[in-house]
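Read the structure below first, then the notes.
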Amino acid sequence: MSKPPRARYRTTNWKSYNAALAQRGSLQVWFDPGMQMLSAPTRNRGRHPVFSDAAIQASLPQKGVFKLPLRQTSGMVARLLAMVGLVWLVPDFSTLSRRQKTLLVEIPCQPRSGPLHRLIDSTGIKAVGD
């Protein structure tokens, strides 16, 4: 039994094809300037956590979505904040590693048919989309 012939696709509109390829690499991230990155002091003895749960929850999904190690995750979040123009402290990799054990970060499953929308607001992170 022989194989069917391979389909040959011919691009006729190169302008829209190139625009579609460039659009695949676009990234839009929204940060709420009212988000509390630093945690409030607690009444417990000992050292208080520096970063709020919202800051950790805003950083960890970057790791899951882009499959980054924790050092690169903190660098990416720092660069995104710099691009937006926010001067915030960013949790380092050891803080992310330690705090990810106690926090539940849910990344909803998104279909690959469209873009992935992520909204970072004052309560932490919310995924908006399908």
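Each chain of the structure tokens is named A, B, ... in the order shown, its residues numbered from 1; ligands are numbered from 1 in display order.
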* **Contact residues around A:Thr102 with only C-alpha atoms at 12 Å, ignoring same-chain residues under 5 positions, as a VMD selection string** => chain A and resid 53 56 to 57 95 to 97
Deliver the residues from the most recent selection as a file, using N, CA and C atoms, as a CSV table (one decimal), in the first residue's frame.
chain,number,residue,atom,x,y,z
A,53,ASP,N,1.9,37.2,49.5
A,53,ASP,CA,1.5,36.1,48.8
A,53,ASP,C,1.2,36.4,47.3
A,56,ILE,N,4.3,36.5,45.2
A,56,ILE,CA,4.8,35.1,44.8
A,56,ILE,C,3.8,34.5,43.8
A,57,GLN,N,2.5,34.7,44.0
A,57,GLN,CA,1.6,34.1,43.0
A,57,GLN,C,1.6,34.8,41.7
A,95,THR,N,13.6,32.7,47.6
A,95,THR,CA,12.3,33.1,48.2
A,95,THR,C,11.2,32.4,47.4
A,96,LEU,N,11.3,32.4,46.1
A,96,LEU,CA,10.3,31.7,45.3
A,96,LEU,C,10.3,30.2,45.6
A,97,SER,N,11.4,29.6,45.7
A,97,SER,CA,11.5,28.2,46.0
A,97,SER,C,10.9,27.8,47.3
Exercise: A:Leu38 partners within 9 Å, only C-alpha atoms, chain neighbours under 2 positions left out, as a JSON list (two decimals) with N, CA and C atoms, in the first residue's frame:
[["chain", "number", "residue", "atom", "x", "y", "z"],
["A", 36, "GLN", "N", 0.07, 44.96, 46.30],
["A", 36, "GLN", "CA", 1.01, 44.99, 47.40],
["A", 36, "GLN", "C", 2.09, 43.94, 47.16],
["A", 40, "ALA", "N", 2.53, 42.65, 54.76],
["A", 40, "ALA", "CA", 2.26, 43.41, 55.97],
["A", 40, "ALA", "C", 2.93, 42.70, 57.15],
["A", 49, "PRO", "N", 7.88, 37.71, 56.60],
["A", 49, "PRO", "CA", 8.13, 37.56, 55.17],
["A", 49, "PRO", "C", 8.23, 38.93, 54.49],
["A", 50, "VAL", "N", 9.14, 39.03, 53.55],
["A", 50, "VAL", "CA", 9.35, 40.31, 52.85],
["A", 50, "VAL", "C", 8.28, 40.53, 51.80],
["A", 51, "PHE", "N", 7.97, 39.48, 51.02],
["A", 51, "PHE", "CA", 7.05, 39.61, 49.90],
["A", 51, "PHE", "C", 5.69, 39.03, 50.26],
["A", 52, "SER", "N", 4.66, 39.64, 49.72],
["A", 52, "SER", "CA", 3.30, 39.18, 49.97],
["A", 52, "SER", "C", 3.02, 37.91, 49.17],
["A", 53, "ASP", "N", 1.93, 37.24, 49.53],
["A", 53, "ASP", "CA", 1.53, 36.05, 48.77],
["A", 53, "ASP", "C", 1.18, 36.43, 47.33],
["A", 54, "ALA", "N", 0.64, 37.62, 47.14],
["A", 54, "ALA", "CA", 0.28, 38.07, 45.80],
["A", 54, "ALA", "C", 1.52, 38.21, 44.92],
["A", 55, "ALA", "N", 2.63, 38.67, 45.48],
["A", 55, "ALA", "CA", 3.86, 38.80, 44.71],
["A", 55, "ALA", "C", 4.39, 37.44, 44.28],
["A", 88, "TRP", "N", 9.58, 48.08, 41.68],
["A", 88, "TRP", "CA", 9.20, 47.16, 42.76],
["A", 88, "TRP", "C", 10.34, 46.19, 42.99],
["A", 89, "LEU", "N", 10.44, 45.71, 44.22],
["A", 89, "LEU", "CA", 11.36, 44.63, 44.50],
["A", 89, "LEU", "C", 10.79, 43.33, 43.94]]
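Among the candidate residues A:Val90, A:Val29, A:Leu103, A:Met1, the one lying nearest to A:Thr73 is A:Val90, with distances computed using only C-alpha atoms.
Checking A:Ser59, A:Ser2, A:Gln23, A:Gln100 one by one against A:Met76, counting only C-alpha atoms, you find the shortest gap at A:Ser59.
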